[in-house]
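Have a look at upload17.tsv; it's TSV, C-alpha atoms:
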chain	number	residue	atom	x	y	z
I	259	MET	CA	0.00	0.00	0.00
I	260	PRO	CA	1.17	3.60	-0.48
I	261	ALA	CA	3.33	4.97	2.35
I	262	ASP	CA	0.71	7.54	3.37
I	263	GLU	CA	-1.87	4.75	3.79
I	264	GLN	CA	0.29	2.48	5.91
I	265	GLN	CA	-0.78	1.87	9.45
I	266	VAL	CA	1.21	3.00	12.47
I	267	PRO	CA	4.10	0.62	13.16
I	268	SER	CA	2.57	-1.47	15.92
I	269	VAL	CA	1.46	-5.06	16.27
I	270	TRP	CA	-1.78	-3.72	17.76
I	271	ALA	CA	-2.54	-1.51	14.75
I	272	ARG	CA	-2.83	-4.24	12.13
I	273	PRO	CA	-5.32	-7.09	11.91
I	274	ARG	CA	-4.23	-10.49	13.05
I	275	PRO	CA	-3.70	-12.87	10.11
I	276	GLN	CA	-6.64	-15.13	9.35
I	277	ARG	CA	-5.81	-18.73	8.58
I	278	ARG	CA	-8.14	-21.59	7.75
I	279	ASP	CA	-5.77	-24.19	9.10
I	280	GLN	CA	-4.74	-24.35	12.75
I	281	PRO	CA	-1.25	-22.80	13.11
I	282	ALA	CA	1.37	-25.01	14.73
I	283	LEU	CA	2.39	-22.16	16.99
I	284	SER	CA	0.10	-19.70	18.76
I	285	ARG	CA	0.78	-16.07	19.60
I	286	GLN	CA	0.38	-16.89	23.29
I	287	GLN	CA	3.03	-19.61	23.09
I	288	ILE	CA	5.43	-17.15	21.52
I	289	VAL	CA	4.74	-14.46	24.12
I	290	SER	CA	4.96	-16.83	27.09
I	291	THR	CA	8.25	-18.29	25.94
I	292	ALA	CA	9.69	-14.85	25.19
I	293	LEU	CA	8.70	-13.70	28.68
I	294	GLN	CA	10.43	-16.71	30.24
I	295	LEU	CA	13.56	-15.96	28.22
I	296	LEU	CA	13.55	-12.29	29.20
I	297	ASP	CA	13.06	-13.08	32.88
I	298	ALA	CA	15.85	-15.65	32.84
I	299	GLU	CA	18.46	-13.91	30.69
I	300	GLY	CA	17.46	-10.28	30.15
I	301	VAL	CA	16.60	-8.24	27.10
I	302	ASP	CA	20.02	-8.54	25.45
I	303	ALA	CA	19.53	-12.29	25.17
I	304	LEU	CA	16.27	-12.02	23.24
I	305	SER	CA	16.44	-12.69	19.53
I	306	MET	CA	14.02	-14.22	17.10
I	307	ARG	CA	16.51	-17.00	16.37
I	308	LYS	CA	17.01	-17.87	20.03
I	309	LEU	CA	13.29	-17.76	20.65
I	310	GLY	CA	12.70	-20.06	17.71
I	311	THR	CA	15.18	-22.54	19.14
I	312	ARG	CA	13.37	-22.56	22.48
I	313	LEU	CA	10.06	-23.07	20.72
I	314	ASN	CA	11.51	-25.65	18.35
I	315	ALA	CA	9.93	-23.63	15.60
I	316	GLY	CA	11.05	-22.09	12.36
I	317	ALA	CA	11.04	-18.40	11.59
I	318	THR	CA	8.03	-18.67	9.28
I	319	SER	CA	5.71	-19.89	12.03
I	320	MET	CA	6.76	-17.02	14.31
I	321	TYR	CA	6.57	-14.34	11.64
I	322	THR	CA	2.96	-15.31	11.08
I	323	HIS	CA	2.28	-13.59	14.42
I	324	VAL	CA	5.04	-10.97	14.78
I	325	ALA	CA	6.92	-9.11	12.10
I	326	ASN	CA	10.04	-8.43	14.14
I	327	LYS	CA	11.56	-8.17	17.61
I	328	ASP	CA	9.95	-4.76	18.22
I	329	GLU	CA	6.49	-6.22	17.75
I	330	LEU	CA	7.39	-9.12	20.00
I	331	LEU	CA	8.41	-6.72	22.77
I	332	GLU	CA	5.12	-4.86	22.41
I	333	LEU	CA	3.29	-8.12	23.00
I	334	VAL	CA	5.43	-9.14	25.97
I	335	VAL	CA	5.21	-5.72	27.63
I	336	ASP	CA	1.43	-5.88	27.40
I	337	GLU	CA	1.52	-9.40	28.82
I	338	VAL	CA	3.47	-8.11	31.83
I	339	TYR	CA	0.98	-5.28	32.36
I	340	GLY	CA	-1.70	-7.93	32.57
I	341	GLU	CA	-0.24	-8.87	35.97
I	342	VAL	CA	-0.95	-5.43	37.45
I	343	GLU	CA	-3.85	-5.25	39.88
I	344	VAL	CA	-6.57	-3.21	38.21
I	345	PRO	CA	-8.13	-0.74	40.68
I	346	ALA	CA	-11.72	-1.45	41.62
I	347	THR	CA	-14.43	1.14	40.99
I	348	GLY	CA	-17.64	1.63	42.91
I	349	ASP	CA	-16.36	3.51	45.96
I	350	PRO	CA	-15.92	7.25	45.22
I	351	GLY	CA	-14.53	7.89	48.70
I	352	GLY	CA	-11.94	5.15	48.35
I	353	TRP	CA	-10.19	6.34	45.22
I	354	ARG	CA	-6.87	6.90	46.98
I	355	THR	CA	-6.89	3.39	48.44
I	356	ALA	CA	-7.66	1.91	45.02
I	357	ILE	CA	-4.94	3.91	43.25
I	358	THR	CA	-2.45	3.13	46.02
I	359	GLY	CA	-3.05	-0.60	45.60
I	360	CYS	CA	-2.66	-0.32	41.84
I	361	ALA	CA	0.57	1.68	42.20
I	362	HIS	CA	2.09	-0.88	44.55
I	363	SER	CA	1.06	-3.66	42.18
I	364	LEU	CA	2.66	-1.87	39.21
I	365	ARG	CA	5.91	-1.45	41.13
I	366	ALA	CA	5.91	-5.11	42.18
I	367	THR	CA	5.26	-6.17	38.59
I	368	ILE	CA	8.17	-4.13	37.26
I	369	LEU	CA	10.51	-5.51	39.92
I	370	ARG	CA	9.46	-9.07	39.02
I	371	HIS	CA	10.44	-8.33	35.42
I	372	PRO	CA	13.28	-5.78	35.76
I	373	TRP	CA	14.26	-6.06	32.09
I	374	ILE	CA	11.09	-4.16	31.20
I	375	VAL	CA	12.52	-0.79	32.26
I	376	SER	CA	15.07	-0.94	29.45
I	377	VAL	CA	12.42	-1.34	26.75
I	378	LEU	CA	9.54	0.87	27.92
I	379	GLY	CA	10.94	3.80	25.98
I	380	GLU	CA	11.41	1.63	22.90
I	381	THR	CA	7.88	0.21	22.84
I	382	GLY	CA	6.19	3.54	22.45
I	383	LEU	CA	2.98	2.03	21.12
I	384	ALA	CA	2.66	-0.60	23.85
I	385	TYR	CA	-0.17	1.51	25.28
I	386	LEU	CA	-2.35	0.23	22.43
I	387	GLY	CA	-2.35	-3.26	23.92
I	388	PRO	CA	-5.45	-4.65	25.65
I	389	ASN	CA	-3.95	-5.01	29.12
I	390	VAL	CA	-2.49	-1.52	29.14
I	391	THR	CA	-5.70	0.06	27.84
I	392	ARG	CA	-7.78	-1.85	30.39
I	393	LEU	CA	-5.53	-0.63	33.21
I	394	MET	CA	-5.68	2.96	31.97
I	395	GLU	CA	-9.45	2.86	31.56
I	396	GLU	CA	-10.00	1.60	35.11
I	397	MET	CA	-7.54	4.08	36.62
I	398	LEU	CA	-9.35	6.90	34.84
I	399	ALA	CA	-12.67	5.57	36.11
I	400	VAL	CA	-11.41	5.53	39.69
I	401	PHE	CA	-10.15	9.10	39.47
I	402	GLU	CA	-13.42	10.23	37.87
I	403	GLU	CA	-15.42	8.60	40.65
I	404	GLY	CA	-13.22	10.46	43.10
I	405	GLY	CA	-14.30	13.78	41.63
I	406	PHE	CA	-11.76	14.48	38.88
I	407	GLY	CA	-12.83	15.62	35.42
I	408	LEU	CA	-11.61	13.40	32.59
I	409	GLN	CA	-8.65	15.64	31.68
I	410	GLU	CA	-7.68	16.05	35.33
I	411	ALA	CA	-8.03	12.29	35.80
I	412	ASP	CA	-5.66	11.75	32.88
I	413	GLN	CA	-3.11	14.14	34.39
I	414	ALA	CA	-3.40	12.47	37.79
I	415	MET	CA	-3.01	9.00	36.29
I	416	ASN	CA	0.04	10.03	34.27
I	417	THR	CA	1.61	11.61	37.35
I	418	VAL	CA	1.14	8.49	39.46
I	419	VAL	CA	2.40	6.17	36.72
I	420	ALA	CA	5.42	8.40	36.05
I	421	TYR	CA	6.33	8.29	39.74
I	422	VAL	CA	5.99	4.51	39.95
I	423	VAL	CA	7.91	3.84	36.75
I	424	GLY	CA	10.63	6.34	37.66
I	425	ILE	CA	11.24	4.88	41.10
I	426	SER	CA	10.94	1.30	39.89
I	427	THR	CA	13.41	1.93	37.06
I	428	SER	CA	16.09	2.91	39.55
I	429	GLU	CA	15.25	-0.02	41.81
I	430	ALA	CA	15.24	-2.51	38.94
I	431	ALA	CA	18.62	-1.30	37.70
I	432	THR	CA	20.12	-1.71	41.16
I	433	LEU	CA	18.60	-5.15	41.70
I	434	THR	CA	19.79	-6.31	38.27
I	435	ALA	CA	23.33	-5.20	39.06
I	436	LEU	CA	23.13	-6.95	42.42
I	437	GLY	CA	21.98	-10.14	40.74
I	438	ARG	CA	25.12	-10.11	38.58
I	439	SER	CA	27.37	-9.41	41.58
I	440	GLY	CA	26.11	-12.30	43.66
I	441	GLN	CA	25.68	-10.05	46.69
I	442	SER	CA	22.50	-9.41	48.62
I	443	GLU	CA	21.08	-5.91	48.71
I	444	GLN	CA	21.96	-5.65	52.39
I	445	GLU	CA	25.56	-6.80	51.85
I	446	TRP	CA	26.11	-4.47	48.94
I	447	THR	CA	24.77	-1.45	50.83
I	448	GLU	CA	26.85	-2.14	53.91
I	449	ARG	CA	29.99	-2.35	51.76
I	450	LEU	CA	29.05	0.81	49.88
I	451	LEU	CA	28.24	3.08	52.83
I	452	PRO	CA	31.84	3.66	54.05
I	453	ALA	CA	32.87	4.69	50.55
I	454	ALA	CA	29.80	6.94	50.27
I	455	GLU	CA	30.62	8.61	53.58
I	456	GLU	CA	34.20	9.20	52.47
I	457	ALA	CA	33.04	10.66	49.14
I	458	ALA	CA	30.74	12.99	51.10
I	459	ARG	CA	33.40	14.14	53.55
I	460	ASP	CA	33.09	17.76	52.35
I	461	HIS	CA	29.28	17.61	52.37
I	462	PRO	CA	28.15	17.35	56.00
I	463	ARG	CA	24.46	16.79	55.33
I	464	LEU	CA	25.11	13.92	52.94
I	465	ARG	CA	27.69	12.46	55.33
I	466	ARG	CA	25.18	12.49	58.22
I	467	LEU	CA	22.55	10.98	55.95
I	468	TYR	CA	24.81	8.11	54.93
I	469	ALA	CA	26.00	7.54	58.49
I	470	GLY	CA	22.39	7.24	59.64
I	471	GLN	CA	21.79	4.41	57.19
I	472	ARG	CA	24.27	2.06	58.85
I	473	GLY	CA	22.59	-1.01	60.29
I	474	ARG	CA	19.21	-0.28	58.73
I	475	ARG	CA	17.21	-2.86	56.78
I	476	VAL	CA	17.67	-1.78	53.18
I	477	ARG	CA	14.64	-3.55	51.71
I	478	GLU	CA	12.30	-2.11	54.33
I	479	ASP	CA	13.74	1.37	53.83
I	480	ARG	CA	13.21	1.05	50.09
I	481	ASP	CA	9.60	-0.03	50.56
I	482	ASP	CA	8.98	2.79	53.05
I	483	GLY	CA	10.55	5.32	50.68
I	484	PHE	CA	8.25	4.25	47.88
I	485	ARG	CA	5.20	4.41	50.14
I	486	VAL	CA	6.02	7.90	51.45
I	487	GLY	CA	6.78	9.21	47.98
I	488	LEU	CA	3.49	7.83	46.64
I	489	GLU	CA	1.62	9.48	49.50
I	490	CYS	CA	3.25	12.80	48.57
I	491	VAL	CA	2.17	12.37	44.95
I	492	LEU	CA	-1.40	11.57	45.97
I	493	GLU	CA	-1.46	14.51	48.37
I	494	GLY	CA	-0.49	16.70	45.44
I	495	VAL	CA	-3.22	15.46	43.12
I	496	THR	CA	-5.73	15.66	46.00
I	497	SER	CA	-4.76	19.27	46.58
I	498	ARG	CA	-5.31	20.02	42.89
I	499	LEU	CA	-8.73	18.38	43.09
I	500	ARG	CA	-9.72	20.50	46.06
I	501	SER	CA	-8.49	23.73	44.48
I	502	SER	CA	-10.45	23.07	41.28
I	503	SER	CA	-13.67	22.11	43.07
Once you've parsed the file, please lay out its structure as structure tokens.
Amino acid sequence: MPADEQQVPSVWARPRPQRRDQPALSRQQIVSTALQLLDAEGVDALSMRKLGTRLNAGATSMYTHVANKDELLELVVDEVYGEVEVPATGDPGGWRTAITGCAHSLRATILRHPWIVSVLGETGLAYLGPNVTRLMEEMLAVFEEGGFGLQEADQAMNTVVAYVVGISTSEAATLTALGRSGQSEQEWTERLLPAAEEAARDHPRLRRLYAGQRGRRVREDRDDGFRVGLECVLEGVTSRLRSSS
């Protein structure tokens, strides 16, 4: 077809191929195996050839469902988003509780699949997938029930998601590096703190901050930090709601 009539470059923007015969390989098989590979070996290990070997399938059977690696990543990213707890509607006064639960679930999902943070910026049309659109729709509904107009609900949703993804990206990068090092998060932090204090010797506030972290439980501090930050974000969007009412 002419270039100006071509669809946007996304697996979600073109119709799925219709076949009379039953294909030997399903899209779900491809996605599930790709997800297992990504979780086990990371995004650098993913290739169509390696995936085909795991599936014991030729390229033709895979290309029936996905045109290339980019389309495959779109499918897998949407599959991962399907694990996120969708916030429940029906309680206008409980919108913050619902969004908080969803935010914690999104963070937990990203940390279960840390490779995802390296591809989110490369799968720009992943938001066309059914799991992502379902999540967005329900988040918007919760914010609307809480008193936000649709545009304000969209801004609030984007702010919450940006916070969660931003924090989780940093956490996922650290945990991935730790996995390669063979050290626990606690061990790595305890070894790092003396060097951090020395680097901050001319910065008294930073030095006191680092010194105060000695002996603390790193995982619990990380969880508490996320919770407090999320509360600050929700306080901000609540304040905007009140000022516009």
So that I can check the surroundings of Gly300 (chain I), please list as a ChimeraX atom specification every protein, DNA and RNA residue that reaches within 10 Å of it, counting only C-alpha atoms and ignoring chain neighbours fewer than 5 positions away. /I:293-295,371-374,376,434
Near region 475-482 of chain I, counting only C-alpha atoms, which residues have an atom at most 7 Å away, once you skip same-chain residues fewer than 3 positions from it, shown as a list in words?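 Non-adjacent residues within range: Glu443, Gln444, Arg485 and Val486 of chain I.
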Closest of I:Glu489, I:Asp328, I:Glu402, I:Glu410 to Thr358 (chain I) - atom-to-atom distances counting only C-alpha atoms: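 Of all the options, I:Glu489 lies closest to Thr358 (chain I).
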Need the axis-aligned box for region 484-503 of chain I with 4 Å each side, so what are the centre and edges in Å to one decimal, as JSON?
{"center_x": -2.7, "center_y": 14.0, "center_z": 46.4, "size_x": 29.9, "size_y": 27.5, "size_z": 18.2}
Val390 (chain I) surroundings by all atoms listed in the file, 10 Å radius, close-in-sequence under 3 positions cut, as a VMD selection string: chain I and resid 335 to 340 342 384 to 387 393 to 395
Provide the CA of Val377 (chain I) to CA of Ser363 (chain I) distance in Å, to one decimal place. 19.3 Å
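You can rank I:Leu331, I:Ala361, I:Ala315, I:Val324 by their closest distance to Leu296 (chain I) using all atoms listed in the file, and at the top of that list sits I:Leu331.
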Between I:Pro388, I:Gly437, I:Gly359, I:Gly310, which is the closest to Leu283 (chain I) once you count all atoms listed in the file?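 Going through I:Pro388, I:Gly437, I:Gly359, I:Gly310 one by one, the smallest distance to Leu283 (chain I) is for I:Gly310.
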Of the residues I:His362, I:Ser502, I:His323, I:Thr427, which is the one nearest to Arg272 (chain I), using all atoms listed in the file?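 The shortest atom-to-atom distance to Arg272 (chain I) comes from I:His323.
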So how many Å separate CA of Asp297 (chain I) and CA of Val423 (chain I), to one decimal?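 Atom-to-atom, CA of Asp297 (chain I) to CA of Val423 (chain I), that is 18.1 Å.
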Using only C-alpha atoms for the distances, tell me which of I:Glu429, I:Glu396, I:Asp412, I:Glu329 is nearest to Arg370 (chain I). I:Glu429
Go ahead and compute the interatomic distance for CA of Phe401 (chain I) and CA of Arg365 (chain I), in Å to one decimal. 19.3 Å
Ile288 (chain I) environment, 8 Å, all atoms listed in the file, sequence neighbours closer than 3 positions dropped, as a compact mmCIF listing (two decimals) with C-alpha atoms, in the coordinates of the input:
# COMPACT_ATOMS: atom_id res chain seq x y z
CA LEU I 283 2.39 -22.16 16.99
CA SER I 284 0.10 -19.70 18.76
CA ARG I 285 0.78 -16.07 19.60
CA THR I 291 8.25 -18.29 25.94
CA ALA I 292 9.69 -14.85 25.19
CA LEU I 309 13.29 -17.76 20.65
CA LEU I 313 10.06 -23.07 20.72
CA MET I 320 6.76 -17.02 14.31
Selected residue, from I:Ala420, I:Ala271, I:Leu364, I:Val400, that lies nearest to Gly351 (chain I) when counting all atoms listed in the file: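 The answer is I:Val400, which sits nearest to Gly351 (chain I).
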With all atoms listed in the file as the counted atoms, please give the residues lying no more than 9 Å from Ala346 (chain I), apart from itself and same-chain residues fewer than 3 positions off, as number ranges by chain. I: 343, 349, 353, 356-357, 396-397, 399-400
Store the residues picked out above, limited to C-alpha atoms, as an mmCIF file, in the frame of the given file.
data_model
loop_
_atom_site.group_PDB
_atom_site.id
_atom_site.type_symbol
_atom_site.label_atom_id
_atom_site.label_comp_id
_atom_site.auth_asym_id
_atom_site.auth_seq_id
_atom_site.Cartn_x
_atom_site.Cartn_y
_atom_site.Cartn_z
ATOM 1 C CA GLU I 343 -3.850 -5.250 39.880
ATOM 2 C CA ASP I 349 -16.360 3.510 45.960
ATOM 3 C CA TRP I 353 -10.190 6.340 45.220
ATOM 4 C CA ALA I 356 -7.660 1.910 45.020
ATOM 5 C CA ILE I 357 -4.940 3.910 43.250
ATOM 6 C CA GLU I 396 -10.000 1.600 35.110
ATOM 7 C CA MET I 397 -7.540 4.080 36.620
ATOM 8 C CA ALA I 399 -12.670 5.570 36.110
ATOM 9 C CA VAL I 400 -11.410 5.530 39.690
#
Generate the missing atoms of region 473-493 of chain I up to N, CA, C and O atoms and report them as a PDB file, keeping the file's coordinate frame.
ATOM      1  N   GLY I 473      23.357  -0.079  59.470  1.00  0.00           N
ATOM      2  CA  GLY I 473      22.590  -1.010  60.290  1.00  0.00           C
ATOM      3  C   GLY I 473      21.108  -1.065  59.992  1.00  0.00           C
ATOM      4  O   GLY I 473      20.376  -1.835  60.621  1.00  0.00           O
ATOM      5  N   ARG I 474      20.639  -0.281  59.054  1.00  0.00           N
ATOM      6  CA  ARG I 474      19.210  -0.280  58.730  1.00  0.00           C
ATOM      7  C   ARG I 474      18.908  -1.403  57.732  1.00  0.00           C
ATOM      8  O   ARG I 474      19.776  -1.860  56.990  1.00  0.00           O
ATOM      9  N   ARG I 475      17.648  -1.824  57.717  1.00  0.00           N
ATOM     10  CA  ARG I 475      17.210  -2.860  56.780  1.00  0.00           C
ATOM     11  C   ARG I 475      16.900  -2.205  55.439  1.00  0.00           C
ATOM     12  O   ARG I 475      15.928  -1.453  55.323  1.00  0.00           O
ATOM     13  N   VAL I 476      17.720  -2.496  54.458  1.00  0.00           N
ATOM     14  CA  VAL I 476      17.670  -1.780  53.180  1.00  0.00           C
ATOM     15  C   VAL I 476      16.347  -2.003  52.468  1.00  0.00           C
ATOM     16  O   VAL I 476      15.734  -1.068  51.951  1.00  0.00           O
ATOM     17  N   ARG I 477      15.878  -3.247  52.427  1.00  0.00           N
ATOM     18  CA  ARG I 477      14.640  -3.550  51.710  1.00  0.00           C
ATOM     19  C   ARG I 477      13.466  -2.805  52.343  1.00  0.00           C
ATOM     20  O   ARG I 477      12.618  -2.231  51.629  1.00  0.00           O
ATOM     21  N   GLU I 478      13.397  -2.801  53.656  1.00  0.00           N
ATOM     22  CA  GLU I 478      12.300  -2.110  54.330  1.00  0.00           C
ATOM     23  C   GLU I 478      12.368  -0.604  54.086  1.00  0.00           C
ATOM     24  O   GLU I 478      11.333   0.041  53.882  1.00  0.00           O
ATOM     25  N   ASP I 479      13.580  -0.058  54.112  1.00  0.00           N
ATOM     26  CA  ASP I 479      13.740   1.370  53.830  1.00  0.00           C
ATOM     27  C   ASP I 479      13.290   1.707  52.417  1.00  0.00           C
ATOM     28  O   ASP I 479      12.669   2.750  52.172  1.00  0.00           O
ATOM     29  N   ARG I 480      13.602   0.817  51.487  1.00  0.00           N
ATOM     30  CA  ARG I 480      13.210   1.050  50.090  1.00  0.00           C
ATOM     31  C   ARG I 480      11.698   1.019  49.948  1.00  0.00           C
ATOM     32  O   ARG I 480      11.103   1.859  49.262  1.00  0.00           O
ATOM     33  N   ASP I 481      11.062   0.066  50.604  1.00  0.00           N
ATOM     34  CA  ASP I 481       9.600  -0.030  50.560  1.00  0.00           C
ATOM     35  C   ASP I 481       8.965   1.203  51.216  1.00  0.00           C
ATOM     36  O   ASP I 481       7.983   1.761  50.692  1.00  0.00           O
ATOM     37  N   ASP I 482       9.520   1.614  52.359  1.00  0.00           N
ATOM     38  CA  ASP I 482       8.980   2.790  53.050  1.00  0.00           C
ATOM     39  C   ASP I 482       9.158   4.048  52.198  1.00  0.00           C
ATOM     40  O   ASP I 482       8.276   4.907  52.148  1.00  0.00           O
ATOM     41  N   GLY I 483      10.306   4.160  51.537  1.00  0.00           N
ATOM     42  CA  GLY I 483      10.550   5.320  50.680  1.00  0.00           C
ATOM     43  C   GLY I 483       9.557   5.403  49.551  1.00  0.00           C
ATOM     44  O   GLY I 483       9.060   6.495  49.220  1.00  0.00           O
ATOM     45  N   PHE I 484       9.246   4.257  48.957  1.00  0.00           N
ATOM     46  CA  PHE I 484       8.250   4.250  47.880  1.00  0.00           C
ATOM     47  C   PHE I 484       6.888   4.668  48.422  1.00  0.00           C
ATOM     48  O   PHE I 484       6.188   5.475  47.805  1.00  0.00           O
ATOM     49  N   ARG I 485       6.518   4.116  49.558  1.00  0.00           N
ATOM     50  CA  ARG I 485       5.200   4.410  50.140  1.00  0.00           C
ATOM     51  C   ARG I 485       5.063   5.898  50.461  1.00  0.00           C
ATOM     52  O   ARG I 485       4.047   6.525  50.117  1.00  0.00           O
ATOM     53  N   VAL I 486       6.077   6.479  51.079  1.00  0.00           N
ATOM     54  CA  VAL I 486       6.020   7.900  51.450  1.00  0.00           C
ATOM     55  C   VAL I 486       5.970   8.768  50.197  1.00  0.00           C
ATOM     56  O   VAL I 486       5.209   9.738  50.120  1.00  0.00           O
ATOM     57  N   GLY I 487       6.783   8.427  49.207  1.00  0.00           N
ATOM     58  CA  GLY I 487       6.780   9.210  47.980  1.00  0.00           C
ATOM     59  C   GLY I 487       5.430   9.153  47.280  1.00  0.00           C
ATOM     60  O   GLY I 487       4.940  10.169  46.763  1.00  0.00           O
ATOM     61  N   LEU I 488       4.812   7.969  47.256  1.00  0.00           N
ATOM     62  CA  LEU I 488       3.490   7.830  46.640  1.00  0.00           C
ATOM     63  C   LEU I 488       2.461   8.658  47.395  1.00  0.00           C
ATOM     64  O   LEU I 488       1.601   9.297  46.769  1.00  0.00           O
ATOM     65  N   GLU I 489       2.540   8.661  48.718  1.00  0.00           N
ATOM     66  CA  GLU I 489       1.620   9.480  49.500  1.00  0.00           C
ATOM     67  C   GLU I 489       1.781  10.963  49.158  1.00  0.00           C
ATOM     68  O   GLU I 489       0.787  11.698  49.069  1.00  0.00           O
ATOM     69  N   CYS I 490       3.012  11.407  48.951  1.00  0.00           N
ATOM     70  CA  CYS I 490       3.250  12.800  48.570  1.00  0.00           C
ATOM     71  C   CYS I 490       2.619  13.111  47.210  1.00  0.00           C
ATOM     72  O   CYS I 490       2.010  14.170  47.022  1.00  0.00           O
ATOM     73  N   VAL I 491       2.766  12.179  46.271  1.00  0.00           N
ATOM     74  CA  VAL I 491       2.170  12.370  44.950  1.00  0.00           C
ATOM     75  C   VAL I 491       0.651  12.465  45.066  1.00  0.00           C
ATOM     76  O   VAL I 491       0.015  13.362  44.477  1.00  0.00           O
ATOM     77  N   LEU I 492       0.057  11.569  45.834  1.00  0.00           N
ATOM     78  CA  LEU I 492      -1.400  11.570  45.970  1.00  0.00           C
ATOM     79  C   LEU I 492      -1.892  12.788  46.744  1.00  0.00           C
ATOM     80  O   LEU I 492      -2.985  13.298  46.463  1.00  0.00           O
ATOM     81  N   GLU I 493      -1.099  13.267  47.693  1.00  0.00           N
ATOM     82  CA  GLU I 493      -1.460  14.510  48.370  1.00  0.00           C
ATOM     83  C   GLU I 493      -1.490  15.659  47.374  1.00  0.00           C
ATOM     84  O   GLU I 493      -2.359  16.538  47.432  1.00  0.00           O
TER      85      GLU I 493
END
